[in-house]
Amino acid sequence: MDTVPAKTIITKNKDTSWFGSDYNMNLYRGCSHGCIYCDSRSSCYHVEDFDHVRVKENALMTVRDELRRKVKKGVIGSGAMCDSYNPFEKTELVTRHSLELIDAFGFGISMLTKSDLILRDVDIYLSIKEHSPVLAMMTITTADDDLCGKIEPAVTPSSGRFAAIRRMSDAGLYTGVVMTPLLPFLEDNEENILEMVRRTKDSGARFLYGIMGVTIRDGQREYFYEGLEKGFPGLNLPARYGKTYGNRYYCQSPGARKLWSVFEEACIKNGLLYRMEDIIHDYKKEYQYTQLTFDFG
C-alpha cells in the first residue's frame with residue numbers, strides 16, 4: 001500500500017479529557033469506511049483524498065523510538081482521526097505490531113474502532129492489561145443495521161460490533177460503546193436510544209457515551225449532505241439541516257434535552273456509566289498508585 005511521510009506518530013495530549021488518553025497515536029492517514037458524518041474530512045485537517053488509506057513511513061520504527069524516549073508512562077489513544085483497524089490492517093499488521101511495542105514498553109491503550117478486526121488482537125490487549133489500563137471501544141450510532149448501511153457503508157454492521165464487544169467483554173477486557181454522533185432527523189429518537197442502551201448492556205459493555213447531535217465543518221459538510229441525499233432520497237435532509245442549523249459547527253438535536261433525560265435514566269437503570277469523568281476513573285482505578293498510611297496513634 002502507499003506510504004506517507006511522518007515525523008512523529010505518538011504525540012502528547014495537552015487535554016486528556018477524551019477517555020483519559022495521555023498520548024495520541026495515528027498509524028494510518030485517511031479512512032475507507034465511508035461514514036457520511038466523519039469529522040476527519042473537515043478542511044482544517046488538510047487530509048487530501050481522505051478515502052485513500054496510507055500507512056505512515058517506518059511506522060513501527062517510529063513508534064518504537066518514540067516509546068523508548070518517553071519518560072512518563074500513560075495511556076495511548078488511537079482511533080480519533082482514522083480507524084486503526086481499516087481493511088488494510090488485516091494484512092499490514094501495523095496496529096498489531098504497534099500494540100506489541102506498547103505492551104513491551106509498559107504503556108496502556110485506549111482503542112476506538114468500527115471494525116471487528118480488533119478481535120484478532122485480544123491476546124495483546126489482555127497482555128497489556130496485566131500492567132496498564134486497557135479500554136476497548138466501538139463507535140456505534142444506531143442499533144439498526146439497515147440505517148447503519150446507509151450512513152456507514154463500509155464498516156462492520158452494528159450487530160457485528162455489538163457481538164465483538166460481547167466477545168471482548170467475555171475475554172475480560174474493559175469495553176464500552178461510543179454513540180457519537182447522533183444524527184438529527186435520523187437517529188435522534190427515543191426508540192433508537194433505548195435500543196442502544198439495551199444492546200450495550202447485553203453486550204457486557206461497562207458504558208455508553210453519547211452526544212445528542214453531530215458536528216459539521218467546512219469540507220465535511222458537503223460530503224455529509226451528499227450522503228444524506230444519496231441515502232435518503234426524497235426526504236430533502238440537506239435543506240432541513242441548512243434551515244435548522246445554517247453553518248453552525250455543533251448541530252444539536254431539536255429534542256436534545258428530552259432525549260438526554262431518556263438516555264440518562266436508561267443508563268442508570270441498566271447500570272451503565274455515561275459520564276466521561278466516571279468512565280475514565282472506572283477503567284483506570286485498578287492502576288492508580290495509592291500511598292499507604294499508617295496509624296501510630
# chains A, B, ... in the order shown; residues from 1 in each chain; ligands from 1
>>> residues_around(residues="Ser42 of chain A", least_positions_apart="3", cutoff="8 Å", atoms="only C-alpha atoms", output="list in words")
Asp39, Tyr45, His46, Arg217, Asp218, Gly219, Gln220 and Arg221 of chain A
>>> residues_around(residues="Met196 of chain A", least_positions_apart="3", cutoff="10 Å", atoms="only C-alpha atoms", output="list in words")
Ile140, Thr141, Thr142, Ala143, Asp144, Ser158, Phe162, Val177, Met179, Glu190, Glu191, Asn192, Ile193, Arg199, Thr200, Lys201, Asp202, Leu208, Phe263, Ala266 and Cys267 of chain A
>>> residues_around(residues="Lys284 of chain A", least_positions_apart="3", cutoff="10 Å", atoms="only C-alpha atoms", output="short mmCIF file (atom, residue, chain, number, x, y, z; two decimals) with N, CA, C and O atoms, in the first residue's frame")
data_model
loop_
_atom_site.label_atom_id
_atom_site.label_comp_id
_atom_site.auth_asym_id
_atom_site.auth_seq_id
_atom_site.Cartn_x
_atom_site.Cartn_y
_atom_site.Cartn_z
N GLY A 20 -9.34 9.89 28.85
CA GLY A 20 -8.15 9.82 29.68
C GLY A 20 -6.87 9.46 28.96
O GLY A 20 -5.91 8.98 29.58
N VAL A 75 -1.54 6.26 29.01
CA VAL A 75 -2.46 5.59 28.09
C VAL A 75 -2.35 6.24 26.71
O VAL A 75 -2.42 7.47 26.58
N GLY A 108 -0.34 1.91 28.44
CA GLY A 108 -1.72 1.46 28.31
C GLY A 108 -2.27 1.84 26.95
O GLY A 108 -1.62 2.55 26.17
N SER A 132 -1.14 -2.23 32.63
CA SER A 132 -1.62 -0.88 32.33
C SER A 132 -3.09 -0.89 31.94
O SER A 132 -3.63 -1.93 31.53
N PRO A 133 -3.77 0.25 32.02
CA PRO A 133 -5.18 0.32 31.64
C PRO A 133 -5.40 -0.01 30.17
O PRO A 133 -4.61 0.39 29.31
N VAL A 134 -6.48 -0.72 29.90
CA VAL A 134 -6.89 -1.04 28.54
C VAL A 134 -8.37 -0.70 28.39
O VAL A 134 -9.20 -1.11 29.20
N LEU A 135 -8.68 0.04 27.35
CA LEU A 135 -10.06 0.41 27.06
C LEU A 135 -10.34 0.06 25.60
O LEU A 135 -9.72 0.60 24.69
N TYR A 174 -12.05 -4.37 29.43
CA TYR A 174 -12.96 -3.29 29.79
C TYR A 174 -13.46 -2.67 28.48
O TYR A 174 -12.68 -2.12 27.70
N ILE A 279 -16.26 7.30 33.50
CA ILE A 279 -15.68 6.25 32.65
C ILE A 279 -14.16 6.21 32.84
O ILE A 279 -13.57 5.14 33.02
N ILE A 280 -13.52 7.37 32.79
CA ILE A 280 -12.07 7.44 32.94
C ILE A 280 -11.64 6.89 34.30
O ILE A 280 -10.71 6.09 34.40
N HIS A 281 -12.32 7.32 35.34
CA HIS A 281 -11.99 6.84 36.69
C HIS A 281 -12.14 5.33 36.79
O HIS A 281 -11.29 4.63 37.37
N TYR A 287 -5.27 0.74 38.49
CA TYR A 287 -3.87 1.02 38.20
C TYR A 287 -3.39 2.29 38.89
O TYR A 287 -2.24 2.70 38.70
N GLN A 288 -4.24 2.90 39.71
CA GLN A 288 -3.84 4.12 40.40
C GLN A 288 -2.96 3.79 41.59
O GLN A 288 -3.25 2.88 42.37
#
>>> closest_residue(among="A:Gly204, A:Gly74, A:Gly210, A:Pro5", to="Tyr23 of chain A", atoms="only C-alpha atoms")
A:Gly74
>>> select_by_dssp(residues="segment 117-198 of chain A", states="strand (DSSP E)", output="list of chain:residue names")
A:Val134, A:Leu135, A:Ala136, A:Met137, A:Met138, A:Thr139, A:Thr175, A:Gly176, A:Val177, A:Val178, A:Met179
>>> write_last_selection(atoms="N, CA, C and O atoms", output="short mmCIF file (atom, residue, chain, number, x, y, z; two decimals), in the first residue's frame")
data_model
loop_
_atom_site.label_atom_id
_atom_site.label_comp_id
_atom_site.auth_asym_id
_atom_site.auth_seq_id
_atom_site.Cartn_x
_atom_site.Cartn_y
_atom_site.Cartn_z
N VAL A 134 -6.48 -0.72 29.90
CA VAL A 134 -6.89 -1.04 28.54
C VAL A 134 -8.37 -0.70 28.39
O VAL A 134 -9.20 -1.11 29.20
N LEU A 135 -8.68 0.04 27.35
CA LEU A 135 -10.06 0.41 27.06
C LEU A 135 -10.34 0.06 25.60
O LEU A 135 -9.72 0.60 24.69
N ALA A 136 -11.27 -0.88 25.39
CA ALA A 136 -11.62 -1.32 24.03
C ALA A 136 -13.02 -0.83 23.71
O ALA A 136 -13.99 -1.23 24.35
N MET A 137 -13.12 0.06 22.72
CA MET A 137 -14.40 0.71 22.43
C MET A 137 -14.82 0.54 20.98
O MET A 137 -14.00 0.46 20.09
N MET A 138 -16.13 0.51 20.78
CA MET A 138 -16.73 0.50 19.45
C MET A 138 -17.59 1.75 19.29
O MET A 138 -18.41 2.06 20.16
N THR A 139 -17.42 2.47 18.19
CA THR A 139 -18.36 3.52 17.83
C THR A 139 -19.57 2.87 17.17
O THR A 139 -19.44 2.17 16.18
N THR A 175 -14.75 -2.76 28.24
CA THR A 175 -15.31 -2.36 26.95
C THR A 175 -16.37 -1.28 27.11
O THR A 175 -16.97 -1.11 28.17
N GLY A 176 -16.62 -0.57 26.02
CA GLY A 176 -17.66 0.45 26.02
C GLY A 176 -18.10 0.77 24.61
O GLY A 176 -17.45 0.41 23.63
N VAL A 177 -19.25 1.46 24.52
CA VAL A 177 -19.81 1.88 23.24
C VAL A 177 -19.85 3.40 23.20
O VAL A 177 -20.24 4.05 24.18
N VAL A 178 -19.42 3.96 22.07
CA VAL A 178 -19.41 5.40 21.87
C VAL A 178 -20.49 5.75 20.85
O VAL A 178 -20.37 5.39 19.67
N MET A 179 -21.54 6.40 21.30
CA MET A 179 -22.68 6.75 20.45
C MET A 179 -22.54 8.19 19.96
O MET A 179 -23.29 9.08 20.34
#
>>> residues_around(residues="Lys7 of chain A", least_positions_apart="3", cutoff="10 Å", atoms="only C-alpha atoms", output="PyMOL selection string")
chain A and resi 10+56-59+62
>>> closest_residue(among="A:Glu226, A:Asp65, A:Glu100, A:Asp51", to="Pro87 of chain A", atoms="only C-alpha atoms")
A:Asp51
>>> select_by_dssp(residues="segment 141-297 of chain A", states="alpha helix (DSSP H)", output="ChimeraX atom specification")
/A:145-151,158-171,190-202,220-231,237-245,256-269,276-284
>>> residues_around(residues="Tyr245 of chain A", least_positions_apart="6", cutoff="12 Å", atoms="only C-alpha atoms", output="list in words")
Pro184, Gly213, Val214, Thr215, Ile216, Arg217, Arg221, Leu237, Pro238, Ala239, Cys251, Gln252, Ser253 and Pro254 of chain A
>>> write_last_selection(atoms="N, CA and C atoms", output="PDB file, in the first residue's frame")
ATOM      1  N   PRO A 184     -29.321  14.171  13.824  1.00  0.00           N
ATOM      2  CA  PRO A 184     -30.663  14.733  13.880  1.00  0.00           C
ATOM      3  C   PRO A 184     -31.516  14.274  12.693  1.00  0.00           C
ATOM      4  N   GLY A 213     -26.270  14.985  19.075  1.00  0.00           N
ATOM      5  CA  GLY A 213     -26.141  15.783  17.869  1.00  0.00           C
ATOM      6  C   GLY A 213     -24.936  15.373  17.053  1.00  0.00           C
ATOM      7  N   VAL A 214     -24.544  16.251  16.129  1.00  0.00           N
ATOM      8  CA  VAL A 214     -23.423  15.978  15.230  1.00  0.00           C
ATOM      9  C   VAL A 214     -22.654  17.262  14.986  1.00  0.00           C
ATOM     10  N   THR A 215     -21.351  17.149  14.772  1.00  0.00           N
ATOM     11  CA  THR A 215     -20.546  18.310  14.409  1.00  0.00           C
ATOM     12  C   THR A 215     -20.369  18.351  12.894  1.00  0.00           C
ATOM     13  N   ILE A 216     -20.444  19.543  12.329  1.00  0.00           N
ATOM     14  CA  ILE A 216     -20.317  19.705  10.873  1.00  0.00           C
ATOM     15  C   ILE A 216     -19.420  20.901  10.594  1.00  0.00           C
ATOM     16  N   ARG A 217     -18.380  20.682   9.772  1.00  0.00           N
ATOM     17  CA  ARG A 217     -17.461  21.759   9.413  1.00  0.00           C
ATOM     18  C   ARG A 217     -17.290  21.823   7.901  1.00  0.00           C
ATOM     19  N   ARG A 221     -19.030  19.125   5.531  1.00  0.00           N
ATOM     20  CA  ARG A 221     -20.444  19.425   5.318  1.00  0.00           C
ATOM     21  C   ARG A 221     -20.912  18.989   3.932  1.00  0.00           C
ATOM     22  N   LEU A 237     -33.150  16.133   3.295  1.00  0.00           N
ATOM     23  CA  LEU A 237     -32.463  16.369   4.560  1.00  0.00           C
ATOM     24  C   LEU A 237     -31.419  17.489   4.505  1.00  0.00           C
ATOM     25  N   PRO A 238     -30.654  17.630   3.403  1.00  0.00           N
ATOM     26  CA  PRO A 238     -29.694  18.743   3.375  1.00  0.00           C
ATOM     27  C   PRO A 238     -30.373  20.095   3.576  1.00  0.00           C
ATOM     28  N   ALA A 239     -31.520  20.298   2.946  1.00  0.00           N
ATOM     29  CA  ALA A 239     -32.242  21.555   3.109  1.00  0.00           C
ATOM     30  C   ALA A 239     -32.735  21.708   4.538  1.00  0.00           C
ATOM     31  N   CYS A 251     -24.453  20.750  15.707  1.00  0.00           N
ATOM     32  CA  CYS A 251     -25.860  20.678  15.354  1.00  0.00           C
ATOM     33  C   CYS A 251     -26.570  19.750  16.340  1.00  0.00           C
ATOM     34  N   GLN A 252     -27.118  20.348  17.354  1.00  0.00           N
ATOM     35  CA  GLN A 252     -27.773  19.586  18.418  1.00  0.00           C
ATOM     36  C   GLN A 252     -29.180  19.186  18.007  1.00  0.00           C
ATOM     37  N   SER A 253     -29.575  17.973  18.372  1.00  0.00           N
ATOM     38  CA  SER A 253     -30.921  17.513  18.071  1.00  0.00           C
ATOM     39  C   SER A 253     -31.951  18.478  18.645  1.00  0.00           C
ATOM     40  N   PRO A 254     -33.002  18.789  17.893  1.00  0.00           N
ATOM     41  CA  PRO A 254     -34.048  19.669  18.421  1.00  0.00           C
ATOM     42  C   PRO A 254     -34.665  19.147  19.719  1.00  0.00           C
TER      43      PRO A 254
END
>>> residues_around(residues="Ser127 of chain A", least_positions_apart="5", cutoff="12 Å", atoms="only C-alpha atoms", output="ChimeraX atom specification")
/A:99-109,121-122,132-134,171-173
>>> write_last_selection(atoms="all heavy atoms", output="compact mmCIF listing (two decimals), in the first residue's frame")
# COMPACT_ATOMS: atom_id res chain seq x y z
N LEU A 99 0.84 -2.43 18.97
CA LEU A 99 0.33 -2.86 20.28
C LEU A 99 1.36 -3.71 21.01
O LEU A 99 1.52 -3.60 22.24
CB LEU A 99 -0.97 -3.66 20.10
CG LEU A 99 -2.20 -2.87 19.67
CD1 LEU A 99 -3.34 -3.82 19.32
CD2 LEU A 99 -2.65 -1.89 20.76
N GLU A 100 2.09 -4.53 20.28
CA GLU A 100 3.14 -5.33 20.90
C GLU A 100 4.23 -4.43 21.49
O GLU A 100 4.76 -4.71 22.57
CB GLU A 100 3.73 -6.30 19.87
CG GLU A 100 2.75 -7.39 19.45
CD GLU A 100 3.25 -8.21 18.27
OE1 GLU A 100 4.13 -7.72 17.53
OE2 GLU A 100 2.77 -9.34 18.10
N LEU A 101 4.55 -3.35 20.79
CA LEU A 101 5.54 -2.40 21.30
C LEU A 101 5.00 -1.66 22.51
O LEU A 101 5.73 -1.44 23.50
CB LEU A 101 5.91 -1.41 20.20
CG LEU A 101 6.75 -1.97 19.05
CD1 LEU A 101 6.81 -0.98 17.89
CD2 LEU A 101 8.17 -2.31 19.53
N ILE A 102 3.74 -1.27 22.46
CA ILE A 102 3.10 -0.60 23.60
C ILE A 102 3.15 -1.50 24.82
O ILE A 102 3.43 -1.05 25.94
CB ILE A 102 1.65 -0.21 23.24
CG1 ILE A 102 1.66 0.95 22.24
CG2 ILE A 102 0.84 0.14 24.48
CD1 ILE A 102 0.30 1.27 21.63
N ASP A 103 2.89 -2.76 24.61
CA ASP A 103 2.97 -3.75 25.70
C ASP A 103 4.40 -3.86 26.24
O ASP A 103 4.63 -3.80 27.45
CB ASP A 103 2.49 -5.10 25.17
CG ASP A 103 2.39 -6.17 26.25
OD1 ASP A 103 2.40 -5.82 27.45
OD2 ASP A 103 2.28 -7.36 25.89
N ALA A 104 5.34 -3.97 25.34
CA ALA A 104 6.74 -4.16 25.75
C ALA A 104 7.29 -2.97 26.53
O ALA A 104 8.10 -3.14 27.44
CB ALA A 104 7.60 -4.42 24.51
N PHE A 105 6.85 -1.77 26.18
CA PHE A 105 7.35 -0.57 26.85
C PHE A 105 6.49 -0.14 28.04
O PHE A 105 6.75 0.90 28.64
CB PHE A 105 7.48 0.58 25.85
CG PHE A 105 8.70 0.47 24.97
CD1 PHE A 105 8.62 -0.11 23.71
CD2 PHE A 105 9.94 0.93 25.41
CE1 PHE A 105 9.74 -0.22 22.90
CE2 PHE A 105 11.07 0.83 24.61
CZ PHE A 105 10.97 0.24 23.35
N GLY A 106 5.46 -0.91 28.37
CA GLY A 106 4.70 -0.67 29.59
C GLY A 106 3.69 0.45 29.54
O GLY A 106 3.41 1.08 30.57
N PHE A 107 3.11 0.71 28.37
CA PHE A 107 2.08 1.74 28.24
C PHE A 107 0.69 1.09 28.22
O PHE A 107 0.55 -0.12 27.99
CB PHE A 107 2.28 2.55 26.96
CG PHE A 107 3.43 3.54 27.05
CD1 PHE A 107 4.74 3.10 26.94
CD2 PHE A 107 3.18 4.88 27.23
CE1 PHE A 107 5.80 3.99 27.02
CE2 PHE A 107 4.24 5.79 27.32
CZ PHE A 107 5.54 5.34 27.22
N GLY A 108 -0.34 1.91 28.44
CA GLY A 108 -1.72 1.46 28.31
C GLY A 108 -2.27 1.84 26.95
O GLY A 108 -1.62 2.55 26.17
N ILE A 109 -3.51 1.41 26.65
CA ILE A 109 -4.10 1.67 25.34
C ILE A 109 -5.59 1.93 25.46
O ILE A 109 -6.29 1.27 26.22
CB ILE A 109 -3.84 0.49 24.37
CG1 ILE A 109 -4.42 0.79 22.97
CG2 ILE A 109 -4.42 -0.80 24.92
CD1 ILE A 109 -3.68 1.85 22.20
N ASP A 121 -6.70 -9.15 17.95
CA ASP A 121 -5.62 -8.73 18.84
C ASP A 121 -5.99 -8.80 20.32
O ASP A 121 -5.30 -8.20 21.16
CB ASP A 121 -5.20 -7.30 18.48
CG ASP A 121 -4.64 -7.20 17.07
OD1 ASP A 121 -4.15 -8.23 16.55
OD2 ASP A 121 -4.71 -6.11 16.49
N VAL A 122 -7.04 -9.52 20.65
CA VAL A 122 -7.45 -9.62 22.05
C VAL A 122 -6.32 -10.13 22.94
O VAL A 122 -6.15 -9.69 24.08
CB VAL A 122 -8.70 -10.53 22.19
CG1 VAL A 122 -8.93 -10.93 23.65
CG2 VAL A 122 -9.93 -9.81 21.66
N SER A 132 -1.14 -2.23 32.63
CA SER A 132 -1.62 -0.88 32.33
C SER A 132 -3.09 -0.89 31.94
O SER A 132 -3.63 -1.93 31.53
CB SER A 132 -0.80 -0.26 31.19
OG SER A 132 0.58 -0.21 31.52
N PRO A 133 -3.77 0.25 32.02
CA PRO A 133 -5.18 0.32 31.64
C PRO A 133 -5.40 -0.01 30.17
O PRO A 133 -4.61 0.39 29.31
CB PRO A 133 -5.56 1.79 31.93
CG PRO A 133 -4.55 2.26 32.91
CD PRO A 133 -3.28 1.55 32.56
N VAL A 134 -6.48 -0.72 29.90
CA VAL A 134 -6.89 -1.04 28.54
C VAL A 134 -8.37 -0.70 28.39
O VAL A 134 -9.20 -1.11 29.20
CB VAL A 134 -6.67 -2.53 28.21
CG1 VAL A 134 -7.30 -2.88 26.86
CG2 VAL A 134 -5.18 -2.86 28.20
N ALA A 171 -13.92 -11.97 27.29
CA ALA A 171 -12.49 -12.28 27.42
C ALA A 171 -11.85 -11.57 28.62
O ALA A 171 -10.73 -11.90 29.00
CB ALA A 171 -11.75 -11.89 26.14
N GLY A 172 -12.56 -10.60 29.18
CA GLY A 172 -12.04 -9.91 30.35
C GLY A 172 -11.56 -8.50 30.10
O GLY A 172 -10.93 -7.89 30.98
N LEU A 173 -11.86 -7.94 28.94
CA LEU A 173 -11.44 -6.56 28.64
C LEU A 173 -12.50 -5.56 29.10
O LEU A 173 -13.69 -5.88 29.14
CB LEU A 173 -11.20 -6.40 27.14
CG LEU A 173 -10.03 -7.19 26.54
CD1 LEU A 173 -9.96 -6.96 25.04
CD2 LEU A 173 -8.71 -6.79 27.21
>>> residues_around(residues="Asp282 of chain A", least_positions_apart="4", cutoff="10 Å", atoms="only C-alpha atoms", output="ChimeraX atom specification")
/A:174,206-207,273,276-278,286
>>> write_last_selection(atoms="N, CA, C and O atoms", output="PDB file, in the first residue's frame")
ATOM      1  N   TYR A 174     -12.050  -4.373  29.430  1.00  0.00           N
ATOM      2  CA  TYR A 174     -12.960  -3.289  29.789  1.00  0.00           C
ATOM      3  C   TYR A 174     -13.455  -2.671  28.478  1.00  0.00           C
ATOM      4  O   TYR A 174     -12.679  -2.119  27.702  1.00  0.00           O
ATOM      5  N   ARG A 206     -19.309  -1.698  29.724  1.00  0.00           N
ATOM      6  CA  ARG A 206     -19.416  -1.011  31.008  1.00  0.00           C
ATOM      7  C   ARG A 206     -20.006   0.387  30.862  1.00  0.00           C
ATOM      8  O   ARG A 206     -20.460   0.964  31.853  1.00  0.00           O
ATOM      9  N   PHE A 207     -19.993   0.927  29.649  1.00  0.00           N
ATOM     10  CA  PHE A 207     -20.511   2.288  29.492  1.00  0.00           C
ATOM     11  C   PHE A 207     -21.071   2.514  28.098  1.00  0.00           C
ATOM     12  O   PHE A 207     -20.769   1.786  27.146  1.00  0.00           O
ATOM     13  N   LEU A 273     -22.285   3.280  32.887  1.00  0.00           N
ATOM     14  CA  LEU A 273     -21.707   4.602  33.029  1.00  0.00           C
ATOM     15  C   LEU A 273     -21.967   5.394  31.751  1.00  0.00           C
ATOM     16  O   LEU A 273     -22.033   4.814  30.660  1.00  0.00           O
ATOM     17  N   MET A 276     -18.173  11.088  31.081  1.00  0.00           N
ATOM     18  CA  MET A 276     -16.778  10.857  30.740  1.00  0.00           C
ATOM     19  C   MET A 276     -15.893  10.701  31.969  1.00  0.00           C
ATOM     20  O   MET A 276     -15.050   9.806  32.040  1.00  0.00           O
ATOM     21  N   GLU A 277     -16.069  11.580  32.967  1.00  0.00           N
ATOM     22  CA  GLU A 277     -15.208  11.521  34.142  1.00  0.00           C
ATOM     23  C   GLU A 277     -15.366  10.204  34.897  1.00  0.00           C
ATOM     24  O   GLU A 277     -14.394   9.656  35.439  1.00  0.00           O
ATOM     25  N   ASP A 278     -16.573   9.663  34.919  1.00  0.00           N
ATOM     26  CA  ASP A 278     -16.808   8.387  35.594  1.00  0.00           C
ATOM     27  C   ASP A 278     -16.187   7.230  34.822  1.00  0.00           C
ATOM     28  O   ASP A 278     -15.647   6.285  35.405  1.00  0.00           O
ATOM     29  N   GLU A 286      -7.938   0.522  38.901  1.00  0.00           N
ATOM     30  CA  GLU A 286      -7.106  -0.573  39.404  1.00  0.00           C
ATOM     31  C   GLU A 286      -5.616  -0.297  39.234  1.00  0.00           C
ATOM     32  O   GLU A 286      -4.787  -1.017  39.795  1.00  0.00           O
TER      33      GLU A 286
END
>>> atom_distance(atom1="atom CA of Glu48 of chain A", atom2="atom CA of Arg29 of chain A")
9.6 Å
>>> closest_residue(among="A:Glu265, A:Asp116, A:Glu222, A:Glu195", to="Arg41 of chain A", atoms="only C-alpha atoms")
A:Glu222
>>> atom_distance(atom1="atom CA of Cys44 of chain A", atom2="atom CA of Tyr28 of chain A")
17.8 Å
>>> closest_residue(among="A:Val4, A:Val71, A:Ile151, A:Met25", to="Leu228 of chain A", atoms="only C-alpha atoms")
A:Ile151
>>> atom_distance(atom1="atom CA of Leu126 of chain A", atom2="atom CA of Asp170 of chain A")
11.7 Å
>>> closest_residue(among="A:Cys148, A:Ile76, A:Leu186, A:Met81", to="Ser21 of chain A", atoms="only C-alpha atoms")
A:Ile76
